[in-house]
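> I have a structure I would like to understand better, so I am pasting it below and will then ask my questions one at a time.
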Amino acid sequence: MAWYNPHQGLITNYMMIEQNISRPEELLSWRDCEPKFQPIHLQAYRNEYKDGDYDYLFSLRSGKNPLENLVFDEDVTKLVCGNSKASCATIRKQLFKLMNDWWCANPERHSSKAKEQDKACQNLQ
């Protein structure tokens, strides 16, 4: 997958996915945000680790305040704010589909650890 398990002690300058996509109250605040905060972009940057492995951290962001070192940037305003009655689960499912589609379409961006996991999964099938 193109995201990671939540790490409570991990500190970053950016909001991480478990803070603004996985938590319903955060996702609802994006769904109901005022027009001055739009457009809304789903963005990701590559987070390097000292062990040579890395992850891509995704975040919903105001398009006026983009992340640095972007590897993924898509306008999701219509998806997030287009239906004020949409449930968090519905919005989250569509956002995860965008992330997974990008992940699957860009195998050259996978870390060596991710490539090993992909091989292991294929061997199980």
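Labeling convention for the structure tokens: chains A, B, ... as they appear, residues from 1 per chain, ligands from 1 in order of appearance.
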Mind listing the strand (DSSP E) residues of range 21-107 of chain A, per DSSP on the backbone, as number ranges by chain?

A: 40-48, 54-62, 70-75

> Could you pull the residues within 9 Å of range 36-53 of chain A, counting only C-alpha atoms, minus those fewer than 5 positions along the same chain, as a ChimeraX atom specification?

/A:30,58-64,66-78,80-81,95,98-99,111-114

> Per DSSP on the backbone, filter range 33-94 of chain A down to the residues in helix (DSSP H, G or I) and report them as a list in words.

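Those in range 33-94 of chain A that DSSP calls helix (DSSP H, G or I) are Pro35, Lys36, Phe37, Thr77, Lys78, Leu79, Val80, Cys81, Cys88, Ala89, Thr90, Ile91, Arg92, Lys93 and Gln94 of chain A.
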
> What's the separation between CA of Glu26 in chain A and CA of Asn65 in chain A, in Å to one decimal place?

17.6 Å
